[in-house]
$ cat final_2.cif   # mmCIF, C-alpha atoms
data_run
#
loop_
_atom_site.label_atom_id
_atom_site.label_comp_id
_atom_site.auth_asym_id
_atom_site.auth_seq_id
_atom_site.Cartn_x
_atom_site.Cartn_y
_atom_site.Cartn_z
CA MET X 154 -143.67 196.71 31.21
CA LYS X 155 -144.73 194.37 28.46
CA LYS X 156 -148.23 193.15 28.78
CA LYS X 157 -148.61 189.40 28.87
CA ILE X 158 -150.82 188.07 26.03
CA PHE X 159 -152.87 185.03 26.61
CA VAL X 160 -152.68 182.36 23.90
CA PRO X 161 -155.22 179.61 24.08
CA GLY X 162 -154.01 175.92 24.11
CA ALA X 163 -155.84 175.08 20.89
CA THR X 164 -153.92 177.77 19.03
CA LYS X 165 -150.62 176.39 20.33
CA VAL X 166 -151.51 172.94 19.07
CA LEU X 167 -152.51 174.41 15.69
CA LEU X 168 -149.22 176.28 15.40
CA ALA X 169 -147.23 173.17 16.35
CA LEU X 170 -149.09 171.05 13.74
CA THR X 171 -148.64 173.71 11.05
CA SER X 172 -144.93 173.89 11.76
CA LEU X 173 -144.59 170.08 11.60
CA ALA X 174 -146.58 169.84 8.39
CA GLY X 175 -144.49 172.58 6.79
CA THR X 176 -141.25 170.85 7.75
CA VAL X 177 -142.40 167.48 6.39
CA GLY X 178 -143.81 169.04 3.22
CA LEU X 179 -140.67 171.01 2.50
CA TRP X 180 -138.54 167.89 3.07
CA ASN X 181 -140.71 165.94 0.68
CA VAL X 182 -140.46 168.56 -2.04
CA ILE X 183 -136.66 168.71 -1.68
CA SER X 184 -136.25 164.94 -1.75
CA ASN X 185 -138.51 164.65 -4.83
CA GLN X 186 -136.35 167.15 -6.64
CA SER X 187 -133.23 165.08 -5.83
CA LEU X 188 -134.95 161.96 -7.13
CA ALA X 189 -136.01 163.69 -10.32
CA ALA X 190 -132.46 164.94 -10.83
CA ALA X 191 -131.05 161.46 -10.28
CA GLN X 192 -133.50 159.95 -12.75
CA LYS X 193 -132.64 162.57 -15.32
CA ALA X 194 -128.95 161.81 -14.91
CA ASN X 195 -129.61 158.10 -15.38
CA GLU X 196 -131.37 158.69 -18.66
CA THR X 197 -128.07 159.62 -20.32
CA VAL X 198 -126.49 156.24 -19.53
CA ASP X 199 -126.29 153.83 -22.43
CA LEU X 200 -128.22 150.99 -20.92
CA PRO X 201 -127.49 148.14 -23.27
CA SER X 202 -123.74 148.56 -22.91
CA SER X 203 -123.67 149.33 -19.20
CA LEU X 204 -125.87 146.51 -18.00
CA ALA X 205 -125.00 142.91 -17.76
CA PRO X 206 -126.92 140.71 -20.23
CA LEU X 207 -130.17 139.39 -18.94
CA PRO X 208 -130.25 135.71 -18.07
CA THR X 209 -131.55 133.63 -20.91
CA VAL X 210 -134.93 131.99 -20.58
CA ILE X 211 -133.66 128.83 -22.23
CA PRO X 212 -132.12 126.40 -19.71
CA LEU X 213 -128.51 125.58 -20.47
CA VAL X 214 -128.82 122.02 -19.20
CA GLN X 215 -131.84 120.13 -20.33
CA VAL X 216 -133.30 118.01 -17.58
CA THR X 217 -134.80 114.67 -18.49
CA PRO X 218 -136.13 111.92 -16.26
CA GLN X 219 -133.18 109.73 -17.18
CA ASN X 220 -130.51 112.05 -15.80
CA VAL X 221 -132.25 113.06 -12.61
CA VAL X 222 -130.85 110.99 -9.70
CA PRO X 223 -133.05 110.84 -6.59
CA ASP X 224 -131.51 111.93 -3.28
CA GLN X 225 -131.48 108.65 -1.33
CA SER X 226 -130.69 110.35 2.00
CA ALA X 227 -133.79 112.49 1.97
CA SER X 228 -136.08 109.87 3.43
CA GLY X 229 -136.51 106.16 3.80
CA ALA X 230 -139.50 106.19 1.50
CA ALA X 231 -139.00 105.22 -2.10
CA ALA X 232 -138.17 108.38 -3.92
CA THR X 233 -140.30 109.11 -6.88
CA LEU X 234 -138.93 111.00 -9.81
CA ARG X 235 -140.49 114.31 -10.37
CA LYS X 236 -141.97 114.57 -13.79
CA VAL X 237 -140.26 117.13 -15.96
CA ALA X 238 -142.35 118.69 -18.59
CA PRO X 239 -140.88 118.33 -22.08
CA GLN X 240 -139.08 121.42 -23.24
CA PRO X 241 -141.41 123.22 -25.58
CA VAL X 242 -140.01 124.23 -28.92
CA ASN X 243 -140.38 127.88 -29.60
CA PRO X 244 -142.70 128.38 -32.51
CA ALA X 245 -141.18 129.88 -35.60
CA PRO X 246 -142.44 133.40 -36.32
CA ASN X 247 -143.70 132.22 -39.67
CA ALA X 248 -143.59 129.14 -41.81
CA SER X 249 -140.85 130.33 -44.15
CA ALA X 250 -138.49 131.13 -41.28
CA ALA X 251 -138.57 127.50 -40.22
CA VAL X 252 -136.90 126.61 -43.52
CA GLN X 253 -133.15 127.09 -43.46
CA ALA X 254 -132.39 130.55 -44.72
CA PRO X 255 -130.21 130.70 -47.83
CA ALA X 256 -126.64 131.89 -47.32
CA ILE X 257 -126.12 135.56 -48.11
CA ILE X 258 -123.94 135.76 -51.17
CA PRO X 259 -121.57 138.72 -50.97
CA ASN X 260 -120.80 140.77 -54.04
CA PRO X 261 -117.39 139.97 -55.46
CA VAL X 262 -114.99 142.84 -56.09
CA THR X 263 -114.78 141.78 -59.71
CA THR X 264 -115.15 138.72 -61.92
CA THR X 265 -112.96 136.71 -64.24
CA GLY X 266 -114.30 135.64 -67.60
CA SER X 267 -113.05 134.83 -71.04
CA SER X 268 -111.20 137.80 -72.63
CA LYS X 269 -114.02 140.32 -72.37
CA MET C 194 -112.09 153.52 -48.70
CA ILE C 195 -111.47 152.20 -52.18
CA GLN C 196 -110.88 154.00 -55.45
CA THR C 197 -111.81 152.46 -58.77
CA LYS C 198 -111.18 153.14 -62.44
CA ASP C 199 -113.12 151.60 -65.31
CA PHE C 200 -112.29 152.06 -69.00
CA ARG C 201 -111.63 150.14 -72.21
CA SER C 202 -108.23 149.42 -73.69
CA MET C 203 -106.47 146.60 -75.56
CA GLY C 204 -109.84 145.33 -76.77
CA SER C 205 -110.98 144.67 -73.20
CA ARG C 206 -112.70 146.26 -70.27
CA ILE C 207 -110.13 147.40 -67.71
CA PHE C 208 -111.23 147.67 -64.09
CA LEU C 209 -108.96 148.44 -61.20
CA VAL C 210 -109.43 148.87 -57.49
CA LEU C 211 -107.01 150.69 -55.19
CA ASP C 212 -107.68 150.11 -51.51
CA SER C 213 -106.71 153.56 -50.25
CA SER C 214 -108.12 157.04 -49.87
CA ASP C 215 -104.70 158.62 -50.13
CA PRO C 216 -104.61 161.62 -52.56
CA GLN C 217 -101.34 160.34 -54.00
CA ALA C 218 -103.04 157.06 -54.86
CA PHE C 219 -105.87 159.02 -56.49
CA GLU C 220 -103.31 160.85 -58.63
CA ALA C 221 -101.68 157.60 -59.66
CA ILE C 222 -104.91 155.88 -60.62
CA GLN C 223 -105.66 158.68 -63.08
CA GLN C 224 -102.52 157.78 -65.00
CA VAL C 225 -103.45 154.15 -65.57
CA PRO C 226 -105.46 154.65 -68.81
CA GLY C 227 -102.36 156.33 -70.24
CA TRP C 228 -100.22 153.33 -69.30
CA PHE C 229 -102.63 151.00 -71.07
CA ARG C 230 -102.81 153.29 -74.10
CA ARG C 231 -99.04 153.15 -74.39
CA ALA C 232 -99.10 149.36 -74.20
CA GLU C 233 -101.80 149.27 -76.89
CA ALA C 234 -99.73 151.53 -79.13
CA ILE C 235 -96.88 149.03 -78.86
CA PHE C 236 -98.64 145.66 -78.98
CA SER C 237 -101.81 146.10 -81.08
CA ARG C 238 -101.83 144.03 -84.25
CA PHE C 239 -104.81 146.01 -85.58
CA ASP C 240 -103.01 149.38 -85.54
CA PRO C 241 -100.75 149.58 -88.63
CA GLU C 242 -98.61 152.15 -86.82
CA SER C 243 -98.01 150.00 -83.73
CA GLU C 244 -94.57 148.67 -82.96
CA LEU C 245 -95.84 145.11 -83.38
CA SER C 246 -97.18 145.89 -86.85
CA ARG C 247 -93.83 147.37 -87.82
CA LEU C 248 -92.08 144.33 -86.38
CA ASN C 249 -94.35 142.01 -88.39
CA HIS C 250 -93.42 143.92 -91.55
CA SER C 251 -89.72 143.64 -90.79
CA GLN C 252 -89.55 139.95 -91.66
CA GLY C 253 -86.06 138.96 -92.61
CA SER C 254 -84.34 142.07 -91.29
CA LEU C 255 -83.11 143.06 -87.86
CA PHE C 256 -85.65 145.11 -85.85
CA HIS C 257 -84.69 147.35 -82.96
CA ALA C 258 -87.40 146.97 -80.35
CA SER C 259 -88.49 149.01 -77.34
CA PRO C 260 -87.70 147.69 -73.84
CA GLU C 261 -91.41 146.86 -73.40
CA MET C 262 -91.43 144.79 -76.59
CA ILE C 263 -88.28 142.95 -75.54
CA GLU C 264 -89.88 142.14 -72.16
CA VAL C 265 -93.03 140.69 -73.73
CA LEU C 266 -91.10 138.74 -76.33
CA LEU C 267 -88.96 137.23 -73.58
CA LEU C 268 -92.15 136.26 -71.76
CA ALA C 269 -93.60 134.74 -74.93
CA LYS C 270 -90.45 132.73 -75.56
CA GLU C 271 -90.45 131.43 -72.01
CA VAL C 272 -94.11 130.40 -72.17
CA ARG C 273 -93.61 128.77 -75.55
CA GLU C 274 -90.71 126.74 -74.21
CA HIS C 275 -92.57 125.84 -71.04
CA THR C 276 -95.64 124.60 -72.91
CA ASP C 277 -93.77 122.65 -75.59
CA GLY C 278 -94.88 125.14 -78.22
CA LEU C 279 -98.60 124.86 -77.47
CA ILE C 280 -98.84 128.51 -76.41
CA THR C 281 -96.89 130.54 -78.93
CA PRO C 282 -97.14 134.01 -80.43
CA THR C 283 -96.45 132.66 -83.92
CA VAL C 284 -100.10 132.03 -84.74
CA LEU C 285 -101.02 135.35 -86.33
CA ASP C 286 -101.37 133.94 -89.84
CA ALA C 287 -103.55 131.14 -88.49
CA LEU C 288 -105.79 133.64 -86.69
CA ILE C 289 -106.16 135.75 -89.83
CA ASN C 290 -106.81 132.71 -92.03
CA ASN C 291 -109.53 131.62 -89.68
CA GLY C 292 -111.23 134.99 -89.95
CA TYR C 293 -109.90 136.93 -86.96
CA ASP C 294 -108.45 139.67 -89.15
CA THR C 295 -109.86 142.79 -87.55
CA ASP C 296 -110.55 144.18 -84.13
CA PHE C 297 -112.99 141.87 -82.38
CA SER C 298 -115.56 144.61 -81.86
CA SER C 299 -115.93 144.72 -85.65
CA LEU C 300 -116.14 140.94 -85.89
CA LYS C 301 -119.34 140.20 -84.04
CA TYR C 302 -121.34 139.72 -87.22
CA LEU C 303 -120.74 136.82 -89.50
CA HIS C 304 -117.54 137.11 -91.39
CA PRO C 305 -117.69 136.46 -95.16
CA SER C 306 -116.16 133.21 -96.20
CA GLY C 307 -112.90 133.20 -98.01
CA GLY C 308 -109.21 132.90 -97.45
CA SER C 309 -107.17 129.79 -97.78
CA ARG C 310 -105.88 127.63 -95.03
CA ILE C 311 -102.22 128.03 -94.47
CA GLN C 312 -99.84 125.21 -95.06
CA LEU C 313 -98.65 124.68 -91.53
CA LEU C 314 -95.10 124.23 -90.65
CA PRO C 315 -94.30 122.24 -87.55
CA PRO C 316 -94.61 124.63 -84.58
CA ASP C 317 -90.92 124.27 -83.82
CA ALA C 318 -90.12 125.80 -87.17
CA LEU C 319 -92.08 128.96 -86.38
CA ASP C 320 -89.73 130.87 -84.16
CA PHE C 321 -87.92 134.17 -83.99
CA GLU C 322 -84.53 135.30 -82.83
CA LEU C 323 -84.29 137.64 -79.88
CA ASP C 324 -81.24 139.44 -78.51
CA ALA C 325 -82.43 141.02 -75.29
CA THR C 326 -79.09 142.68 -74.57
CA ALA C 327 -78.90 144.38 -77.94
CA GLY C 328 -82.67 144.93 -78.02
CA THR C 329 -83.10 143.37 -81.46
CA VAL C 330 -85.55 140.89 -82.98
CA LEU C 331 -85.28 138.91 -86.19
CA LEU C 332 -88.45 137.42 -87.63
CA PRO C 333 -88.07 134.79 -90.36
CA LYS C 334 -89.93 135.58 -93.58
CA ASP C 335 -92.83 133.23 -92.82
CA VAL C 336 -93.43 134.29 -89.22
CA LYS C 337 -95.76 136.97 -87.84
CA LEU C 338 -96.55 137.46 -84.19
CA ASP C 339 -99.73 137.93 -82.22
CA LEU C 340 -98.88 139.10 -78.71
CA GLY C 341 -102.47 139.69 -77.55
CA GLY C 342 -102.64 137.48 -74.45
CA PHE C 343 -99.00 137.88 -73.51
CA ALA C 344 -99.13 141.67 -73.78
CA LYS C 345 -102.36 142.01 -71.84
CA GLY C 346 -101.11 139.78 -69.02
CA TRP C 347 -97.79 141.58 -68.90
CA THR C 348 -99.39 145.04 -68.87
CA THR C 349 -101.81 144.00 -66.14
CA HIS C 350 -98.93 142.74 -64.04
CA GLN C 351 -96.93 145.91 -64.65
CA VAL C 352 -99.77 148.22 -63.64
CA MET C 353 -100.46 146.18 -60.53
CA THR C 354 -96.77 146.26 -59.55
CA ARG C 355 -96.51 150.03 -60.02
CA LEU C 356 -99.63 150.81 -57.99
CA SER C 357 -98.79 148.31 -55.26
CA ALA C 358 -96.16 150.74 -53.98
CA LEU C 359 -99.02 153.01 -52.91
CA ALA C 360 -101.73 150.66 -51.67
CA PRO C 361 -103.23 147.19 -52.07
CA VAL C 362 -104.48 146.93 -55.64
CA LEU C 363 -106.42 144.67 -57.99
CA VAL C 364 -106.22 145.08 -61.78
CA ASN C 365 -108.67 143.25 -64.04
CA ALA C 366 -107.97 143.42 -67.79
CA GLY C 367 -110.75 141.54 -69.55
CA GLY C 368 -110.77 138.71 -67.02
CA ASP C 369 -107.01 138.56 -66.44
CA ILE C 370 -106.69 139.68 -62.82
CA ALA C 371 -103.57 140.63 -60.88
CA VAL C 372 -103.70 141.15 -57.11
CA SER C 373 -100.88 142.79 -55.15
CA GLY C 374 -101.54 141.44 -51.66
CA PRO C 375 -104.12 141.50 -48.88
CA ARG C 376 -106.49 144.44 -48.64
CA SER C 377 -105.91 147.25 -46.17
CA ASP C 378 -107.99 145.47 -43.52
CA GLY C 379 -106.05 142.24 -44.07
CA ASP C 380 -108.84 140.52 -45.98
CA SER C 381 -108.47 138.73 -49.27
CA TRP C 382 -110.10 139.89 -52.53
CA LEU C 383 -113.35 138.14 -53.40
CA ILE C 384 -113.45 137.36 -57.11
CA GLY C 385 -116.29 135.76 -59.06
CA VAL C 386 -115.72 133.14 -61.75
CA GLU C 387 -118.28 133.89 -64.43
CA ASN C 388 -120.50 131.18 -65.79
CA PRO C 389 -119.37 131.03 -69.44
CA LEU C 390 -122.92 130.17 -70.47
CA ASP C 391 -124.49 133.07 -68.57
CA ALA C 392 -122.28 136.01 -67.59
CA ARG C 393 -124.87 137.20 -65.08
CA GLU C 394 -123.99 134.27 -62.86
CA ASN C 395 -120.86 133.11 -61.13
CA VAL C 396 -120.10 129.40 -60.98
CA ALA C 397 -117.71 129.96 -58.09
CA MET C 398 -116.20 132.69 -55.96
CA VAL C 399 -112.62 132.65 -54.83
CA ASN C 400 -110.62 134.45 -52.18
CA LEU C 401 -107.33 135.63 -53.59
CA VAL C 402 -104.71 137.30 -51.42
CA GLU C 403 -102.05 137.81 -54.06
CA GLY C 404 -101.03 136.52 -57.46
CA GLY C 405 -103.14 136.14 -60.55
CA ILE C 406 -106.29 134.53 -61.85
CA ALA C 407 -107.30 134.28 -65.49
CA THR C 408 -110.00 132.65 -67.58
CA SER C 409 -109.76 131.53 -71.16
CA GLY C 410 -112.55 130.00 -73.15
CA LYS C 411 -114.40 129.49 -76.38
CA ASP C 412 -117.42 131.44 -75.19
CA TYR C 413 -116.72 135.06 -76.08
CA ARG C 414 -114.22 135.71 -78.87
CA ARG C 415 -115.84 133.62 -81.54
CA TRP C 416 -117.33 134.18 -84.95
CA MET C 417 -118.66 132.31 -87.96
CA LYS C 418 -116.65 131.36 -91.01
CA ASP C 419 -117.67 128.99 -93.76
CA GLY C 420 -120.74 128.12 -91.70
CA LYS C 421 -118.66 127.00 -88.75
CA VAL C 422 -118.09 128.59 -85.38
CA GLN C 423 -114.51 129.74 -84.94
CA HIS C 424 -112.74 130.98 -81.82
CA HIS C 425 -109.48 132.70 -81.02
CA LEU C 426 -107.60 129.88 -79.29
CA ILE C 427 -105.51 128.42 -82.07
CA ASN C 428 -103.93 125.00 -81.89
CA PRO C 429 -100.50 125.62 -83.42
CA TRP C 430 -100.28 122.03 -84.64
CA THR C 431 -103.38 122.37 -86.81
CA GLY C 432 -103.51 126.11 -87.38
CA LEU C 433 -107.21 125.94 -86.52
CA PRO C 434 -109.29 126.90 -83.51
CA ALA C 435 -108.65 124.25 -80.90
CA VAL C 436 -111.07 121.37 -80.74
CA SER C 437 -111.13 120.00 -77.21
CA ASP C 438 -113.50 118.94 -74.46
CA VAL C 439 -112.74 122.08 -72.40
CA PHE C 440 -115.14 124.98 -72.94
CA SER C 441 -113.64 127.36 -70.40
CA ALA C 442 -110.69 127.26 -67.99
CA THR C 443 -109.95 129.39 -64.94
CA VAL C 444 -106.49 129.18 -63.41
CA ILE C 445 -105.00 130.71 -60.26
CA ALA C 446 -101.22 131.15 -60.36
CA PRO C 447 -98.47 133.12 -58.62
CA ASP C 448 -98.82 135.78 -61.32
CA VAL C 449 -101.43 136.71 -63.91
CA MET C 450 -99.16 135.98 -66.88
CA THR C 451 -98.74 132.36 -65.83
CA ALA C 452 -102.44 132.06 -65.09
CA GLU C 453 -103.34 133.36 -68.55
CA ALA C 454 -100.99 130.96 -70.32
CA ALA C 455 -102.07 127.97 -68.24
CA ALA C 456 -105.75 128.62 -68.92
CA LYS C 457 -105.00 128.49 -72.65
CA VAL C 458 -103.11 125.22 -72.23
CA ALA C 459 -106.21 123.68 -70.67
CA VAL C 460 -108.58 124.85 -73.42
CA ILE C 461 -106.29 124.00 -76.33
CA GLY C 462 -104.83 120.82 -74.85
CA GLY C 463 -108.11 119.44 -73.49
CA SER C 464 -108.91 118.17 -70.03
CA LYS C 465 -106.56 115.17 -70.04
CA ALA C 466 -103.41 116.78 -71.43
CA GLY C 467 -104.27 120.13 -69.86
CA CYS C 468 -104.78 118.73 -66.35
CA ASP C 469 -101.66 116.59 -66.64
CA TRP C 470 -99.63 119.63 -67.61
CA MET C 471 -101.10 121.86 -64.91
CA GLU C 472 -100.57 119.25 -62.23
CA SER C 473 -96.91 119.06 -63.24
CA GLN C 474 -96.51 122.79 -62.57
CA ASP C 475 -95.97 124.43 -59.22
CA ASP C 476 -98.70 126.44 -57.53
CA LEU C 477 -101.48 126.18 -60.09
CA ALA C 478 -105.11 125.77 -59.07
CA TRP C 479 -107.73 125.35 -61.76
CA LEU C 480 -111.41 124.98 -62.53
CA LEU C 481 -112.57 123.71 -65.92
CA GLN C 482 -116.01 123.81 -67.46
CA LEU C 483 -116.22 121.03 -70.03
CA GLU C 484 -118.18 121.00 -73.26
CA ASN C 485 -120.64 118.55 -71.70
CA GLY C 486 -121.41 121.02 -68.89
CA GLN C 487 -119.45 119.15 -66.26
CA ILE C 488 -117.26 121.25 -63.97
CA ILE C 489 -114.04 119.84 -62.62
CA SER C 490 -111.37 121.40 -60.45
CA SER C 491 -108.05 120.65 -58.85
CA LEU C 492 -107.94 119.81 -55.17
CA SER C 493 -105.95 122.99 -54.59
CA PHE C 494 -108.79 125.09 -56.03
CA ASP C 495 -110.87 124.25 -52.95
CA HIS C 496 -108.38 126.20 -50.89
CA TYR C 497 -109.47 129.39 -52.66
CA LEU C 498 -113.20 128.75 -52.87
CA TRP C 499 -115.42 131.10 -50.91
CA LYS C 500 -118.35 128.78 -51.29
CA SER C 501 -119.54 126.50 -54.00
CA LEU C 502 -122.61 128.06 -55.57
CA GLU C 503 -124.88 125.09 -56.07
CA ILE C 504 -122.57 123.52 -58.60
CA ASN C 505 -121.30 120.04 -58.73
CA ILE C 506 -117.54 120.38 -58.84
CA GLN C 507 -115.78 117.11 -59.30
CA GLN C 508 -112.20 116.08 -58.97
CA PRO C 509 -110.82 114.52 -62.14
CA ASN C 510 -110.10 110.83 -62.07
#
$ encode --input "final_2.cif" --output "structure tokens"
Amino acid sequence: MKKKIFVPGATKVLLALTSLAGTVGLWNVISNQSLAAAQKANETVDLPSSLAPLPTVIPLVQVTPQNVVPDQSASGAAATLRKVAPQPVNPAPNASAAVQAPAIIPNPVTTTGSSK
Amino acid sequence: MIQTKDFRSMGSRIFLVLDSSDPQAFEAIQQVPGWFRRAEAIFSRFDPESELSRLNHSQGSLFHASPEMIEVLLLAKEVREHTDGLITPTVLDALINNGYDTDFSSLKYLHPSGGSRIQLLPPDALDFELDATAGTVLLPKDVKLDLGGFAKGWTTHQVMTRLSALAPVLVNAGGDIAVSGPRSDGDSWLIGVENPLDARENVAMVNLVEGGIATSGKDYRRWMKDGKVQHHLINPWTGLPAVSDVFSATVIAPDVMTAEAAAKVAVIGGSKAGCDWMESQDDLAWLLQLENGQIISSLSFDHYLWKSLEINIQQPN
């Protein structure tokens, strides 16, 4: 007959916690590996061609106080036009770039001249 | 991919471009110097053994000519008739009397004075008889021929036509340019028009799809005689280098032979008569640089312009 071994309650709790921690830790390691693999796979994608172009920072429609019409139904109070800051002009990278660049003259295939 | 060939023949720099990487085209392009050498052996007036020299010594007796010679003489006759005798091959004596009596490469230094001016006959009197069917030519005793411009234009056109069977091609013989058609990618050929006062610059650039472009002027083939500047464009009515207000003329035409002849009409005839004549012809576009530095062009020349290079092109009144 097998002899019954007494296991204290604290040991049971310790075993249960160890088992839980191991399960969670193992899961975390596995999931991190999947993430790393996914990131690695993404690195081979040609981003510029596969992504849609980013929205431009320049507004397509310029808003001025003259073309903003107040919403009369919003309230009975006299609507006041919201001030729109003037669109700043992007500074040129340098002074010479602000001047119109000369046209690039291509090289002709050949030239015609007087009986050379 | 393009293939090019660059060499000298007929007193000019020859440059050709074949728009193909085909090995057969490469083989063909290697033969081109030989084609030009053959033309030079026929049409050179400086080679005493050339067919033209023998023809010029046959005055008064029937001469049996090669098919190439017959072709160029037919062309010369047609141009002469079309230009009322202004462009004619019968100016050899006038050229020699004005000092152009040797290959131009030997003529760059001042030529000693001497020689008498010829007593000119009316241009109509200077003619030759040609029987294309029999292949014979009869030069009167007082007529000698210079086929320089005609022969160069004709040879350029011939070479372009032969190579065009293989690929799009451009042939430039000393400024006379023949183009077979659009390039392999469908583009036109971009061609510079040299500034006659400074060959490092172009006064204009034109897009040419097919046909010919040629420039004639007083700027290059000139020399000194009796203290005066002479040039190679002879006015047949005076027997002297043409005096006109046109310094250089560039003409675009359906073929390079017509372009070459028309450019000479403009320089010899002057801006008024030259422009009137060119406007009366079909499909000519022209740009003239006048003696006073002014540049004028036909309205149709704008159609070919890539972009005006800071020049003030005007339309004639």
$ interface_residues --input "final_2.cif" --of "chain C" --to "chain X" --cutoff "9 Å" --atoms "only C-alpha atoms" --output "MDAnalysis selection string"
chainID C and resid 204:206 208:210 342 363 365:370 382:389 392 395 398:399 406:414 441:443 500 502
$ residues_around --input "final_2.cif" --residues "Gly278 (chain C)" --least-positions-apart "5" --cutoff "12 Å" --atoms "all atoms listed in the file" --output "PyMOL selection string"
chain C and resi 269-273+283-284+315-320+427-430+454+458+461-462
$ atom_distance --input "final_2.cif" --atom1 "CA of Leu480 (chain C)" --atom2 "CA of Leu426 (chain C)"
17.9 Å
$ atom_distance --input "final_2.cif" --atom1 "CA of Leu359 (chain C)" --atom2 "CA of Leu211 (chain C)"
8.6 Å
$ closest_residue --input "final_2.cif" --among "C:Leu338, C:Ala344, C:Leu477, C:Val330" --to "Gly405 (chain C)" --atoms "only C-alpha atoms"
C:Leu477
$ resolve_selection --input "final_2.cif" --expression "the PyMOL selection byres ((chain C and resi 197) around 12)" --output "list of chain:residue names"
X:Val262, X:Thr263, C:Met194, C:Ile195, C:Gln196, C:Lys198, C:Asp199, C:Phe200, C:Ile207, C:Phe208, C:Leu209, C:Val210, C:Leu211, C:Asp212, C:Ser213, C:Ser214, C:Ala218, C:Phe219, C:Glu220, C:Ala221, C:Ile222, C:Gln223, C:Val225, C:Val362, C:Leu363, C:Val364, C:Asn365
$ residues_around --input "final_2.cif" --residues "Ile445 (chain C)" --least-positions-apart "6" --cutoff "9 Å" --atoms "only C-alpha atoms" --output "list in words"
Leu401, Gly404, Gly405, Ile406, Ala407, Thr451, Ala452, Glu453, Ala455, Ala456, Asp476, Leu477, Ala478, Trp479, Leu480, Phe494 and Tyr497 of chain C
$ atom_distance --input "final_2.cif" --atom1 "CA of Ala435 (chain C)" --atom2 "CA of Val460 (chain C)"
7.5 Å
$ residues_around --input "final_2.cif" --residues "region 373-375 of chain C" --least-positions-apart "2" --cutoff "8 Å" --atoms "all atoms listed in the file" --output "count of residues only"
16
$ axis_aligned_box --input "final_2.cif" --around "region 316-332 of chain C" --padding-each-side "3 Å" --output "JSON"
{"center_x": -86.8, "center_y": 134.6, "center_z": -81.1, "size_x": 21.7, "size_y": 26.7, "size_z": 19.1}
$ residues_near_point --input "final_2.cif" --point "(-94.7, 135.3, -93.6)" --cutoff "9 Å" --atoms "only C-alpha atoms" --output "VMD selection string"
chain C and resid 249 to 250 252 286 332 to 337
$ residues_around --input "final_2.cif" --residues "Leu267 (chain C)" --least-positions-apart "5" --cutoff "12 Å" --atoms "all atoms listed in the file" --output "PyMOL selection string"
chain C and resi 258+260-262+272-274+281-282+321-326+328-330+340+343-344+347
$ write_last_selection --input "final_2.cif" --atoms "C-alpha atoms" --output "CSV table (one decimal), in the coordinates of the input"
chain,number,residue,atom,x,y,z
C,258,ALA,CA,-87.4,147.0,-80.4
C,260,PRO,CA,-87.7,147.7,-73.8
C,261,GLU,CA,-91.4,146.9,-73.4
C,262,MET,CA,-91.4,144.8,-76.6
C,272,VAL,CA,-94.1,130.4,-72.2
C,273,ARG,CA,-93.6,128.8,-75.6
C,274,GLU,CA,-90.7,126.7,-74.2
C,281,THR,CA,-96.9,130.5,-78.9
C,282,PRO,CA,-97.1,134.0,-80.4
C,321,PHE,CA,-87.9,134.2,-84.0
C,322,GLU,CA,-84.5,135.3,-82.8
C,323,LEU,CA,-84.3,137.6,-79.9
C,324,ASP,CA,-81.2,139.4,-78.5
C,325,ALA,CA,-82.4,141.0,-75.3
C,326,THR,CA,-79.1,142.7,-74.6
C,328,GLY,CA,-82.7,144.9,-78.0
C,329,THR,CA,-83.1,143.4,-81.5
C,330,VAL,CA,-85.6,140.9,-83.0
C,340,LEU,CA,-98.9,139.1,-78.7
C,343,PHE,CA,-99.0,137.9,-73.5
C,344,ALA,CA,-99.1,141.7,-73.8
C,347,TRP,CA,-97.8,141.6,-68.9
